[in-house]
Amino acid sequence: MTDLLAQANSKENREQFLNRLAKQAGRPRHAVKPLAPVNDLPHQVLADQEGADLLATAKKNSEAVAAKVVVKPAAELAAFLDQYLKETGAKRLILPGVTAKRWAQYELADWAKQPAGVTVARWSSDPADRRQNAENANQADVAVGFADYLIAATGTITVPTSPAQGRAFNYLPERYLAIVPQSGLVRSTRQAVEKYEAAYQDGLASSALNFISGPSNSGDIEMELVVGVHGPVECTYLVVSDR
Amino acid sequence: MGISTSDKPFLERVEEAKQDHFMQAAVAKAQDAQFIKRTQARREMGHWNEWRDLAAQIRQHVLTYLPDYLEEFAGNVEKKGGHVFFAQTEQEARDFITQLVQKKQAHKVVKSKSMVTTEIGIDKALRALPDVDVLESDLAEFILQEDNFDEPTHIVFPTLHKNRDQIKAEFEKLGYQGDNDPAHLARFVRGYLRDYFMEADFGITGCNFAIADQGMINLDTNEGNADITMAMPKTQVVVMGMERIVPSMKEAEVLANMLARSAVGQKLTTYCTFSGPKAAGEVDGPDDFWVVVVDNGRSKALGTDFEPILRCIRCGACLNVCPIYRHIGGKGYGSIYPGPVGKVLSPILGGYDQFGELPYACSLCAACTETCPVKIPLHELIRKHRIVEMDEQHRDHSMTNLILKMVGVGTGSPALFKSAMGMAHTASAPFSKPQTAQDVTGMYEGGKINHLPKAAPKLVHGWSDLRDIPTPPKKKENFRHWYKQHTPVDTAPVVKEREAKQDD
């Protein structure tokens, strides 16, 4: 058998394929004109809303996808999280491997040092800890992480993968709680995407942008909605009203 | 291998499907439920037809410049440390991935749902390797796999034809001991697959949209399995149909919204992820990121009347409105792509020899065209297939051609037509039966024809086998005769005017 792997990323493999397409289509290559959209609908989504109205819409749409939405000022976060852990009966908690400064932005520096009543694992940014991170996330009853934006139109939070908060962190724990600043409230997926495009332009190095709308679910068995399949079975957005 | 799911002839498959009453009830229930959810989600979005214009424009734009966008995408994946392989055939795609699994010495392969991986038959090829396990992680695909690779019936709901008791029975073989509650069944799979995920060393995913300018892929899912497939294994292979590309995340975002609303009536799928190879400093995700771009016959549509079918975003809305699909379900089509999209796509990918009958499994009602979020003129393309099959390839060797020529001559000449009308009643009398008490009133006073001898031509059987034809009336009772005898009344406007005057 020919060694096909060696052909990946090779000019021959690519050119032969693309030339064949161009020939079949009867259109020359390298004549691309930029897309000029026929309308501006993506920018008009919820364009008439802002502030409290927009937050109310975000809440309504988030709850429609079975996400819980809690709005608190930073000063009340620690007490809320303690209560949340107690109510869920969590024994194991996983936290992102961020600096104390990052927690301090939400007045959570003290809380994050040692949350009460739970065993805490922290996501390690040491590549040697890949396995350990995954185990920790797999065993975690609750993950408390950070999200950038809350999208009102779809009830979605956005979470970029980072060295401090990896992919398994977002998908393996039983329950998932994301802290999102209210200043990150945006109207539409388009708005969020444009912010990330700008961030990539400015050097953001995240390998994955996760747009998450509520807990995992499936309708595969007789189309009956089941909440909680492979990803988290419960999902909470903790919106920080003064950040 | 390939897109075929059955060796049986088309009519035999249809007969089988007609016996499957659970499937029919399930499909009908799904279609009706999805109609409500889909319509609601689209209304809520507002300006639905303008959104369709935008989505169609995006998809057509990338098809027009397909080689350029693929080149840009490949270059950007490469820049991020990934690898791209262009596979012209399913065989090449399959062999490539097989070689990669061997080179990586992978033992536990995990897959997330993807139509194109089913198309290239990768599961079987990898299972044939020594010491390699392959597990489908999407709940529905997992159920099909555990039931000895049962055929899917729907591109979005592959297990529509199974009930909870059948699924429970399959899971009991794996050690499940609970009841038939879908929530409990799903929770069992979560645990079963989680253990496997933790050990998986090779992930295979599909791709909803490839982002040309970022060298990333977009995946839209609900269960979370695709994201875990992109998190745990050190090697990820993305298999993408070559047309599955957009210029930037902006267009992907538009299509992701359209897809979720059209497929399941959601605003967005639970997980809408833009992903690429692991970046410097990150701890998990694929160290090795490979993309296999598959043609496998798609290019045959490029530059032809069939090109719009490549706009398809696999939402399955056309299946959910199709009256034929409602009755014969996915298996009747014998292709992994059933329903209206399958009637257009299957003959292109698999050829007319195997799928030439599918374009005829259609009443040309155009419900599919109306619902399509990327405005593919599905019913027109189905009809175009018929034109190619009949006029260009002359595939029909029955008497149909000759009969229709005779019909053409007969209806083209007033004298011949008149004498045919005169003889119709007498000529059909031997096959005619009197109406019965069960018949609809007003239809069969002159008798009906519901059975024709086997020797009658195929064309005529097509008219009589599935319905009762009213016996043609006697010469003295036919429309033309009646019309000649009848005294014309004034036309509606004239009557109205007269009545108005009388009122004055």
# chains A, B, ... in the order shown; residues from 1 in each chain; ligands from 1

$ residues_around --residues "Asn133 of chain A" --least-positions-apart "5" --cutoff "10 Å" --atoms "only C-alpha atoms" --output "list in words"
Ile94, Ala121, Arg122, Trp123, Ser124, Ser125, Asp126, Pro127, Ala128, Asn138, Gln139, Gln165, Gly166, Ala168 and Phe169 of chain A; Val283 and Asp284 of chain B

$ closest_atom_pairs --of "chain A" --to "chain B" --cutoff "7 Å" --atoms "only C-alpha atoms" --output "JSON lines"
{"residue": "A:Leu4", "atom": "CA", "partner": "B:Phe96", "partner_atom": "CA", "distance": 5.6}
{"residue": "A:Leu5", "atom": "CA", "partner": "B:Phe96", "partner_atom": "CA", "distance": 6.4}
{"residue": "A:Gln7", "atom": "CA", "partner": "B:Phe85", "partner_atom": "CA", "distance": 6.8}
{"residue": "A:Ala8", "atom": "CA", "partner": "B:Phe85", "partner_atom": "CA", "distance": 4.4}
{"residue": "A:Asn9", "atom": "CA", "partner": "B:Val84", "partner_atom": "CA", "distance": 5.3}
{"residue": "A:Asn13", "atom": "CA", "partner": "B:Phe86", "partner_atom": "CA", "distance": 6.4}
{"residue": "A:Arg14", "atom": "CA", "partner": "B:Phe86", "partner_atom": "CA", "distance": 6.2}
{"residue": "A:Phe17", "atom": "CA", "partner": "B:Phe86", "partner_atom": "CA", "distance": 6.6}
{"residue": "A:Leu18", "atom": "CA", "partner": "B:Pro67", "partner_atom": "CA", "distance": 5.1}
{"residue": "A:Leu21", "atom": "CA", "partner": "B:Ser299", "partner_atom": "CA", "distance": 6.3}
{"residue": "A:Ala22", "atom": "CA", "partner": "B:Pro67", "partner_atom": "CA", "distance": 6.5}
{"residue": "A:Gln24", "atom": "CA", "partner": "B:Leu302", "partner_atom": "CA", "distance": 6.2}
{"residue": "A:Ala25", "atom": "CA", "partner": "B:Gly303", "partner_atom": "CA", "distance": 4.0}
{"residue": "A:Gly26", "atom": "CA", "partner": "B:Gly303", "partner_atom": "CA", "distance": 6.3}
{"residue": "A:Arg29", "atom": "CA", "partner": "B:Asp68", "partner_atom": "CA", "distance": 6.3}
{"residue": "A:His30", "atom": "CA", "partner": "B:Asp68", "partner_atom": "CA", "distance": 5.9}
{"residue": "A:Val32", "atom": "CA", "partner": "B:Tyr65", "partner_atom": "CA", "distance": 5.8}
{"residue": "A:Leu35", "atom": "CA", "partner": "B:His61", "partner_atom": "CA", "distance": 7.0}
{"residue": "A:Pro37", "atom": "CA", "partner": "B:Leu54", "partner_atom": "CA", "distance": 6.6}
{"residue": "A:Val38", "atom": "CA", "partner": "B:Leu54", "partner_atom": "CA", "distance": 5.9}
{"residue": "A:Asn39", "atom": "CA", "partner": "B:Leu54", "partner_atom": "CA", "distance": 6.6}
{"residue": "A:Ser125", "atom": "CA", "partner": "B:Val283", "partner_atom": "CA", "distance": 6.1}
{"residue": "A:Asp126", "atom": "CA", "partner": "B:Val283", "partner_atom": "CA", "distance": 6.8}
{"residue": "A:Pro127", "atom": "CA", "partner": "B:Val283", "partner_atom": "CA", "distance": 5.0}
{"residue": "A:Arg130", "atom": "CA", "partner": "B:Val283", "partner_atom": "CA", "distance": 5.6}
{"residue": "A:Thr154", "atom": "CA", "partner": "B:Lys267", "partner_atom": "CA", "distance": 5.7}
{"residue": "A:Ser162", "atom": "CA", "partner": "B:Glu282", "partner_atom": "CA", "distance": 5.9}
{"residue": "A:Pro163", "atom": "CA", "partner": "B:Glu282", "partner_atom": "CA", "distance": 4.1}
{"residue": "A:Gly166", "atom": "CA", "partner": "B:Asp284", "partner_atom": "CA", "distance": 6.2}
{"residue": "A:Arg167", "atom": "CA", "partner": "B:Ala231", "partner_atom": "CA", "distance": 5.4}
{"residue": "A:Ala168", "atom": "CA", "partner": "B:Ala231", "partner_atom": "CA", "distance": 5.8}
{"residue": "A:Tyr171", "atom": "CA", "partner": "B:Ile228", "partner_atom": "CA", "distance": 6.5}
{"residue": "A:Thr189", "atom": "CA", "partner": "B:Glu253", "partner_atom": "CA", "distance": 6.4}
{"residue": "A:Arg190", "atom": "CA", "partner": "B:Lys250", "partner_atom": "CA", "distance": 6.3}
{"residue": "A:Val193", "atom": "CA", "partner": "B:Lys250", "partner_atom": "CA", "distance": 6.4}
{"residue": "A:Ala205", "atom": "CA", "partner": "B:Ala279", "partner_atom": "CA", "distance": 6.5}
{"residue": "A:Ser206", "atom": "CA", "partner": "B:Ala279", "partner_atom": "CA", "distance": 6.4}
{"residue": "A:Ser207", "atom": "CA", "partner": "B:Ala279", "partner_atom": "CA", "distance": 5.3}
{"residue": "A:Ala208", "atom": "CA", "partner": "B:Ser275", "partner_atom": "CA", "distance": 4.2}
{"residue": "A:Leu209", "atom": "CA", "partner": "B:Phe274", "partner_atom": "CA", "distance": 5.0}
{"residue": "A:Asn210", "atom": "CA", "partner": "B:Thr273", "partner_atom": "CA", "distance": 4.6}
{"residue": "A:Phe211", "atom": "CA", "partner": "B:Cys272", "partner_atom": "CA", "distance": 5.0}
{"residue": "A:Ile212", "atom": "CA", "partner": "B:Tyr271", "partner_atom": "CA", "distance": 4.9}
{"residue": "A:Ser213", "atom": "CA", "partner": "B:Thr270", "partner_atom": "CA", "distance": 4.5}
{"residue": "A:Gly214", "atom": "CA", "partner": "B:Thr270", "partner_atom": "CA", "distance": 6.1}
{"residue": "A:Ser216", "atom": "CA", "partner": "B:Glu223", "partner_atom": "CA", "distance": 4.8}
{"residue": "A:Asn217", "atom": "CA", "partner": "B:Glu223", "partner_atom": "CA", "distance": 5.0}
{"residue": "A:Ser218", "atom": "CA", "partner": "B:Glu223", "partner_atom": "CA", "distance": 5.8}
{"residue": "A:Asp220", "atom": "CA", "partner": "B:Ala140", "partner_atom": "CA", "distance": 5.5}
{"residue": "A:Ile221", "atom": "CA", "partner": "B:Pro182", "partner_atom": "CA", "distance": 6.0}
{"residue": "A:Glu222", "atom": "CA", "partner": "B:Asn163", "partner_atom": "CA", "distance": 6.2}
{"residue": "A:Val226", "atom": "CA", "partner": "B:Ala183", "partner_atom": "CA", "distance": 5.3}
{"residue": "A:Val229", "atom": "CA", "partner": "B:Glu223", "partner_atom": "CA", "distance": 5.5}
{"residue": "A:His230", "atom": "CA", "partner": "B:Gly224", "partner_atom": "CA", "distance": 5.2}
{"residue": "A:Gly231", "atom": "CA", "partner": "B:Gly224", "partner_atom": "CA", "distance": 4.6}

$ atom_distance --atom1 "atom CA of Leu185 of chain A" --atom2 "atom CA of Asp48 of chain A"
14.5 Å

$ residues_around --residues "Val27 of chain B" --least-positions-apart "3" --cutoff "7 Å" --atoms "only C-alpha atoms" --output "PyMOL selection string"
chain B and resi 23-24+30-31+160+326+329

$ write_last_selection --atoms "all heavy atoms" --output "compact mmCIF listing (two decimals), in the first residue's frame"
# COMPACT_ATOMS: atom_id res chain seq x y z
N MET B 23 -42.25 1.86 12.89
CA MET B 23 -41.44 2.89 12.22
C MET B 23 -42.34 3.98 11.63
O MET B 23 -42.08 5.17 11.82
CB MET B 23 -40.60 2.22 11.12
CG MET B 23 -39.76 3.14 10.26
SD MET B 23 -40.66 3.93 8.90
CE MET B 23 -40.95 2.53 7.82
N GLN B 24 -43.40 3.56 10.96
CA GLN B 24 -44.28 4.56 10.33
C GLN B 24 -44.87 5.51 11.38
O GLN B 24 -44.91 6.72 11.18
CB GLN B 24 -45.39 3.88 9.56
CG GLN B 24 -44.90 3.31 8.24
CD GLN B 24 -45.90 2.36 7.63
OE1 GLN B 24 -47.05 2.29 8.05
NE2 GLN B 24 -45.45 1.62 6.64
N ALA B 30 -42.53 12.03 14.67
CA ALA B 30 -41.35 12.89 14.58
C ALA B 30 -41.60 14.05 13.64
O ALA B 30 -41.29 15.20 13.95
CB ALA B 30 -40.15 12.07 14.10
N GLN B 31 -42.18 13.75 12.49
CA GLN B 31 -42.44 14.82 11.52
C GLN B 31 -43.38 15.88 12.10
O GLN B 31 -43.14 17.07 11.95
CB GLN B 31 -43.06 14.23 10.24
CG GLN B 31 -42.06 13.49 9.36
CD GLN B 31 -42.63 13.23 7.97
OE1 GLN B 31 -43.83 13.07 7.80
NE2 GLN B 31 -41.76 13.18 6.97
N LEU B 160 -34.65 6.47 14.97
CA LEU B 160 -36.08 6.78 15.01
C LEU B 160 -36.95 5.52 14.97
O LEU B 160 -38.05 5.50 15.49
CB LEU B 160 -36.40 7.66 13.79
CG LEU B 160 -37.61 8.55 13.85
CD1 LEU B 160 -37.60 9.40 15.10
CD2 LEU B 160 -37.64 9.45 12.62
N ARG B 326 -42.34 9.87 5.06
CA ARG B 326 -43.29 9.57 6.13
C ARG B 326 -43.78 8.12 6.04
O ARG B 326 -44.05 7.48 7.04
CB ARG B 326 -44.48 10.53 6.03
CG ARG B 326 -45.42 10.50 7.24
CD ARG B 326 -46.54 11.51 7.01
NE ARG B 326 -47.46 11.60 8.13
CZ ARG B 326 -47.35 12.50 9.12
NH1 ARG B 326 -46.35 13.34 9.14
NH2 ARG B 326 -48.24 12.53 10.10
N GLY B 329 -39.97 5.61 5.48
CA GLY B 329 -38.87 5.77 6.44
C GLY B 329 -37.52 5.74 5.74
O GLY B 329 -37.43 5.66 4.51

$ closest_residue --among "A:Ala31, A:His43, A:Ala116, A:Ala153" --to "Ala79 of chain A" --atoms "only C-alpha atoms"
A:Ala116

$ residues_around --residues "Phe146 of chain A" --least-positions-apart "6" --cutoff "12 Å" --atoms "only C-alpha atoms" --output "number ranges by chain"
A: 95-98, 102-103, 105-106, 157-162, 164-166, 169-170, 176-181, 184, 210, 236-240

$ select_by_dssp --residues "chain A" --states "strand (DSSP E)" --output "JSON, numbers by chain"
{"A": [68, 69, 70, 71, 72, 92, 93, 94, 95, 119, 120, 121, 122, 142, 143, 144, 145, 146, 149, 150, 151, 156, 157, 158, 159, 160, 175, 176, 177, 178, 179, 180, 181, 185, 186, 208, 209, 210, 211, 212, 217, 218, 226, 227, 234, 235, 236, 237, 238, 239, 240]}

$ atom_distance --atom1 "atom CA of Leu11 of chain B" --atom2 "atom CA of Ala317 of chain B"
24.9 Å

$ residues_around --residues "segment 113-124 of chain B" --least-positions-apart "5" --cutoff "8 Å" --atoms "only C-alpha atoms" --output "PDB file with N, CA and C atoms, in the first residue's frame"
ATOM      1  N   MET B   1     -19.958  -1.033   2.200  1.00  0.00           N
ATOM      2  CA  MET B   1     -19.191   0.220   2.087  1.00  0.00           C
ATOM      3  C   MET B   1     -19.994   1.260   1.294  1.00  0.00           C
ATOM      4  N   GLY B   2     -19.550   2.489   1.366  1.00  0.00           N
ATOM      5  CA  GLY B   2     -20.203   3.525   0.585  1.00  0.00           C
ATOM      6  C   GLY B   2     -21.524   3.935   1.196  1.00  0.00           C
ATOM      7  N   ILE B   3     -22.349   4.589   0.405  1.00  0.00           N
ATOM      8  CA  ILE B   3     -23.576   5.148   0.967  1.00  0.00           C
ATOM      9  C   ILE B   3     -24.725   4.143   0.971  1.00  0.00           C
ATOM     10  N   GLU B  90     -13.508   7.352  -1.443  1.00  0.00           N
ATOM     11  CA  GLU B  90     -13.716   6.864  -0.078  1.00  0.00           C
ATOM     12  C   GLU B  90     -12.601   5.899   0.303  1.00  0.00           C
ATOM     13  N   GLN B  91     -12.140   5.157  -0.670  1.00  0.00           N
ATOM     14  CA  GLN B  91     -11.052   4.204  -0.425  1.00  0.00           C
ATOM     15  C   GLN B  91      -9.808   4.926   0.088  1.00  0.00           C
ATOM     16  N   ALA B  93      -9.653   7.838   1.552  1.00  0.00           N
ATOM     17  CA  ALA B  93      -9.910   8.387   2.885  1.00  0.00           C
ATOM     18  C   ALA B  93      -9.787   7.286   3.937  1.00  0.00           C
ATOM     19  N   ARG B  94     -10.368   6.149   3.627  1.00  0.00           N
ATOM     20  CA  ARG B  94     -10.360   5.005   4.548  1.00  0.00           C
ATOM     21  C   ARG B  94      -8.929   4.515   4.780  1.00  0.00           C
ATOM     22  N   ILE B  97      -6.817   6.954   6.961  1.00  0.00           N
ATOM     23  CA  ILE B  97      -7.101   6.917   8.401  1.00  0.00           C
ATOM     24  C   ILE B  97      -6.613   5.595   8.998  1.00  0.00           C
ATOM     25  N   VAL B 134     -13.250   0.268  18.244  1.00  0.00           N
ATOM     26  CA  VAL B 134     -13.861   1.497  17.740  1.00  0.00           C
ATOM     27  C   VAL B 134     -15.216   1.653  18.417  1.00  0.00           C
ATOM     28  N   GLU B 136     -18.644   4.193  18.751  1.00  0.00           N
ATOM     29  CA  GLU B 136     -19.435   5.371  18.409  1.00  0.00           C
ATOM     30  C   GLU B 136     -19.897   6.002  19.711  1.00  0.00           C
ATOM     31  N   SER B 137     -19.742   7.308  19.862  1.00  0.00           N
ATOM     32  CA  SER B 137     -20.081   7.910  21.146  1.00  0.00           C
ATOM     33  C   SER B 137     -21.406   8.677  21.136  1.00  0.00           C
ATOM     34  N   ASP B 138     -21.907   9.025  19.973  1.00  0.00           N
ATOM     35  CA  ASP B 138     -23.241   9.634  19.915  1.00  0.00           C
ATOM     36  C   ASP B 138     -24.246   8.576  20.365  1.00  0.00           C
ATOM     37  N   GLU B 141     -25.908   6.607  17.504  1.00  0.00           N
ATOM     38  CA  GLU B 141     -24.949   5.789  16.751  1.00  0.00           C
ATOM     39  C   GLU B 141     -24.460   4.629  17.605  1.00  0.00           C
ATOM     40  N   ILE B 155     -31.027  11.271   9.173  1.00  0.00           N
ATOM     41  CA  ILE B 155     -29.681  11.816   9.313  1.00  0.00           C
ATOM     42  C   ILE B 155     -29.492  12.579  10.618  1.00  0.00           C
ATOM     43  N   THR B 205     -13.862  12.760  14.301  1.00  0.00           N
ATOM     44  CA  THR B 205     -15.070  13.585  14.278  1.00  0.00           C
ATOM     45  C   THR B 205     -15.400  13.968  12.838  1.00  0.00           C
ATOM     46  N   GLY B 206     -16.608  14.447  12.655  1.00  0.00           N
ATOM     47  CA  GLY B 206     -16.960  15.056  11.385  1.00  0.00           C
ATOM     48  C   GLY B 206     -16.665  16.538  11.481  1.00  0.00           C
ATOM     49  N   CYS B 207     -17.404  17.310  10.708  1.00  0.00           N
ATOM     50  CA  CYS B 207     -17.159  18.743  10.679  1.00  0.00           C
ATOM     51  C   CYS B 207     -18.407  19.383  10.116  1.00  0.00           C
ATOM     52  N   ALA B 226     -18.895  14.940  21.129  1.00  0.00           N
ATOM     53  CA  ALA B 226     -17.934  15.413  20.133  1.00  0.00           C
ATOM     54  C   ALA B 226     -16.827  16.215  20.818  1.00  0.00           C
ATOM     55  N   VAL B 239     -12.974  14.295   9.558  1.00  0.00           N
ATOM     56  CA  VAL B 239     -13.322  13.898   8.204  1.00  0.00           C
ATOM     57  C   VAL B 239     -14.378  14.873   7.716  1.00  0.00           C
ATOM     58  N   MET B 240     -14.093  15.546   6.623  1.00  0.00           N
ATOM     59  CA  MET B 240     -15.074  16.529   6.123  1.00  0.00           C
ATOM     60  C   MET B 240     -15.365  16.354   4.644  1.00  0.00           C
ATOM     61  N   GLY B 241     -16.644  16.425   4.311  1.00  0.00           N
ATOM     62  CA  GLY B 241     -17.003  16.513   2.904  1.00  0.00           C
ATOM     63  C   GLY B 241     -16.418  17.817   2.383  1.00  0.00           C
ATOM     64  N   ILE B 336     -27.539   5.899   2.981  1.00  0.00           N
ATOM     65  CA  ILE B 336     -27.388   6.596   4.257  1.00  0.00           C
ATOM     66  C   ILE B 336     -27.966   8.003   4.159  1.00  0.00           C
TER      67      ILE B 336
END

$ atom_distance --atom1 "atom CA of Thr491 of chain B" --atom2 "atom CA of Gly442 of chain B"
26.0 Å

$ residues_around --residues "Asp133 of chain B" --least-positions-apart "2" --cutoff "6 Å" --atoms "only C-alpha atoms" --output "ChimeraX atom specification"
/B:107-109

$ write_last_selection --atoms "N, CA, C and O atoms" --output "PDB file, in the first residue's frame"
ATOM      1  N   HIS B 107      -5.185   2.061  20.023  1.00  0.00           N
ATOM      2  CA  HIS B 107      -5.982   0.878  20.354  1.00  0.00           C
ATOM      3  C   HIS B 107      -7.429   1.204  20.628  1.00  0.00           C
ATOM      4  O   HIS B 107      -8.304   0.381  20.448  1.00  0.00           O
ATOM      5  N   LYS B 108      -7.650   2.401  21.119  1.00  0.00           N
ATOM      6  CA  LYS B 108      -9.029   2.758  21.443  1.00  0.00           C
ATOM      7  C   LYS B 108      -9.447   3.991  20.646  1.00  0.00           C
ATOM      8  O   LYS B 108      -9.081   5.115  20.981  1.00  0.00           O
ATOM      9  N   VAL B 109     -10.216   3.731  19.603  1.00  0.00           N
ATOM     10  CA  VAL B 109     -10.673   4.805  18.737  1.00  0.00           C
ATOM     11  C   VAL B 109     -12.078   5.211  19.177  1.00  0.00           C
ATOM     12  O   VAL B 109     -12.932   4.349  19.412  1.00  0.00           O
TER      13      VAL B 109
END

$ residues_around --residues "Tyr325 of chain B" --least-positions-apart "6" --cutoff "10 Å" --atoms "only C-alpha atoms" --output "JSON, numbers by chain"
{"B": [24, 27, 28, 31, 153, 154, 318, 319, 331, 332, 333, 338, 339, 340, 361, 362]}

$ write_last_selection --atoms "N, CA and C atoms" --output "PDB file, in the first residue's frame"
ATOM      1  N   GLN B  24     -43.399   3.555  10.960  1.00  0.00           N
ATOM      2  CA  GLN B  24     -44.276   4.560  10.335  1.00  0.00           C
ATOM      3  C   GLN B  24     -44.871   5.507  11.376  1.00  0.00           C
ATOM      4  N   VAL B  27     -42.079   7.821  12.625  1.00  0.00           N
ATOM      5  CA  VAL B  27     -41.732   8.866  11.657  1.00  0.00           C
ATOM      6  C   VAL B  27     -42.820   9.935  11.621  1.00  0.00           C
ATOM      7  N   ALA B  28     -44.068   9.499  11.627  1.00  0.00           N
ATOM      8  CA  ALA B  28     -45.168  10.461  11.590  1.00  0.00           C
ATOM      9  C   ALA B  28     -45.131  11.357  12.828  1.00  0.00           C
ATOM     10  N   GLN B  31     -42.182  13.748  12.485  1.00  0.00           N
ATOM     11  CA  GLN B  31     -42.441  14.817  11.516  1.00  0.00           C
ATOM     12  C   GLN B  31     -43.376  15.876  12.104  1.00  0.00           C
ATOM     13  N   THR B 153     -32.033   5.482  10.119  1.00  0.00           N
ATOM     14  CA  THR B 153     -33.242   5.816   9.352  1.00  0.00           C
ATOM     15  C   THR B 153     -33.404   7.313   9.131  1.00  0.00           C
ATOM     16  N   HIS B 154     -32.530   8.102   9.757  1.00  0.00           N
ATOM     17  CA  HIS B 154     -32.701   9.550   9.650  1.00  0.00           C
ATOM     18  C   HIS B 154     -31.324  10.151   9.857  1.00  0.00           C
ATOM     19  N   CYS B 318     -35.784  18.530   5.243  1.00  0.00           N
ATOM     20  CA  CYS B 318     -36.490  18.020   4.065  1.00  0.00           C
ATOM     21  C   CYS B 318     -37.057  16.623   4.320  1.00  0.00           C
ATOM     22  N   LEU B 319     -36.343  15.829   5.125  1.00  0.00           N
ATOM     23  CA  LEU B 319     -36.893  14.517   5.497  1.00  0.00           C
ATOM     24  C   LEU B 319     -38.157  14.711   6.318  1.00  0.00           C
ATOM     25  N   LYS B 331     -35.065   3.533   5.761  1.00  0.00           N
ATOM     26  CA  LYS B 331     -34.525   2.299   5.197  1.00  0.00           C
ATOM     27  C   LYS B 331     -35.019   2.027   3.792  1.00  0.00           C
ATOM     28  N   GLY B 332     -36.197   2.547   3.474  1.00  0.00           N
ATOM     29  CA  GLY B 332     -36.757   2.317   2.160  1.00  0.00           C
ATOM     30  C   GLY B 332     -35.850   2.827   1.043  1.00  0.00           C
ATOM     31  N   TYR B 333     -35.049   3.838   1.350  1.00  0.00           N
ATOM     32  CA  TYR B 333     -34.216   4.459   0.313  1.00  0.00           C
ATOM     33  C   TYR B 333     -32.936   3.686   0.030  1.00  0.00           C
ATOM     34  N   PRO B 338     -31.216   9.473   3.078  1.00  0.00           N
ATOM     35  CA  PRO B 338     -32.586   9.223   2.624  1.00  0.00           C
ATOM     36  C   PRO B 338     -33.329  10.527   2.369  1.00  0.00           C
ATOM     37  N   GLY B 339     -34.615  10.413   2.090  1.00  0.00           N
ATOM     38  CA  GLY B 339     -35.461  11.593   1.935  1.00  0.00           C
ATOM     39  C   GLY B 339     -35.090  12.410   0.710  1.00  0.00           C
ATOM     40  N   PRO B 340     -35.624  13.612   0.596  1.00  0.00           N
ATOM     41  CA  PRO B 340     -35.373  14.449  -0.588  1.00  0.00           C
ATOM     42  C   PRO B 340     -33.882  14.678  -0.868  1.00  0.00           C
ATOM     43  N   ALA B 361     -39.220   8.197  -6.336  1.00  0.00           N
ATOM     44  CA  ALA B 361     -39.935   8.073  -5.061  1.00  0.00           C
ATOM     45  C   ALA B 361     -40.300   9.464  -4.562  1.00  0.00           C
ATOM     46  N   CYS B 362     -41.055  10.177  -5.377  1.00  0.00           N
ATOM     47  CA  CYS B 362     -41.301  11.589  -5.106  1.00  0.00           C
ATOM     48  C   CYS B 362     -42.565  12.016  -5.827  1.00  0.00           C
TER      49      CYS B 362
END

$ decode --residues "segment 59-68 of chain A" --atoms "N, CA and C atoms" --output "PDB file, in the first residue's frame"
ATOM      1  N   LYS A  59     -31.834  35.775  30.182  1.00  0.00           N
ATOM      2  CA  LYS A  59     -32.275  34.875  31.237  1.00  0.00           C
ATOM      3  C   LYS A  59     -33.363  33.931  30.709  1.00  0.00           C
ATOM      4  N   LYS A  60     -34.304  34.533  30.012  1.00  0.00           N
ATOM      5  CA  LYS A  60     -35.423  33.737  29.473  1.00  0.00           C
ATOM      6  C   LYS A  60     -34.898  32.649  28.517  1.00  0.00           C
ATOM      7  N   ASN A  61     -34.006  33.050  27.620  1.00  0.00           N
ATOM      8  CA  ASN A  61     -33.503  32.090  26.638  1.00  0.00           C
ATOM      9  C   ASN A  61     -32.590  31.041  27.265  1.00  0.00           C
ATOM     10  N   SER A  62     -31.873  31.425  28.320  1.00  0.00           N
ATOM     11  CA  SER A  62     -31.009  30.461  29.000  1.00  0.00           C
ATOM     12  C   SER A  62     -31.859  29.429  29.721  1.00  0.00           C
ATOM     13  N   GLU A  63     -32.896  29.904  30.373  1.00  0.00           N
ATOM     14  CA  GLU A  63     -33.761  28.975  31.108  1.00  0.00           C
ATOM     15  C   GLU A  63     -34.496  28.039  30.151  1.00  0.00           C
ATOM     16  N   ALA A  64     -34.739  28.536  28.935  1.00  0.00           N
ATOM     17  CA  ALA A  64     -35.395  27.684  27.934  1.00  0.00           C
ATOM     18  C   ALA A  64     -34.505  26.511  27.518  1.00  0.00           C
ATOM     19  N   VAL A  65     -33.191  26.640  27.709  1.00  0.00           N
ATOM     20  CA  VAL A  65     -32.300  25.520  27.395  1.00  0.00           C
ATOM     21  C   VAL A  65     -31.841  24.837  28.684  1.00  0.00           C
ATOM     22  N   ALA A  66     -32.622  24.997  29.736  1.00  0.00           N
ATOM     23  CA  ALA A  66     -32.411  24.289  31.010  1.00  0.00           C
ATOM     24  C   ALA A  66     -31.169  24.742  31.760  1.00  0.00           C
ATOM     25  N   ALA A  67     -30.657  25.941  31.420  1.00  0.00           N
ATOM     26  CA  ALA A  67     -29.555  26.490  32.212  1.00  0.00           C
ATOM     27  C   ALA A  67     -30.152  27.291  33.374  1.00  0.00           C
ATOM     28  N   LYS A  68     -29.462  27.252  34.520  1.00  0.00           N
ATOM     29  CA  LYS A  68     -29.921  28.079  35.638  1.00  0.00           C
ATOM     30  C   LYS A  68     -29.166  29.403  35.575  1.00  0.00           C
TER      31      LYS A  68
END
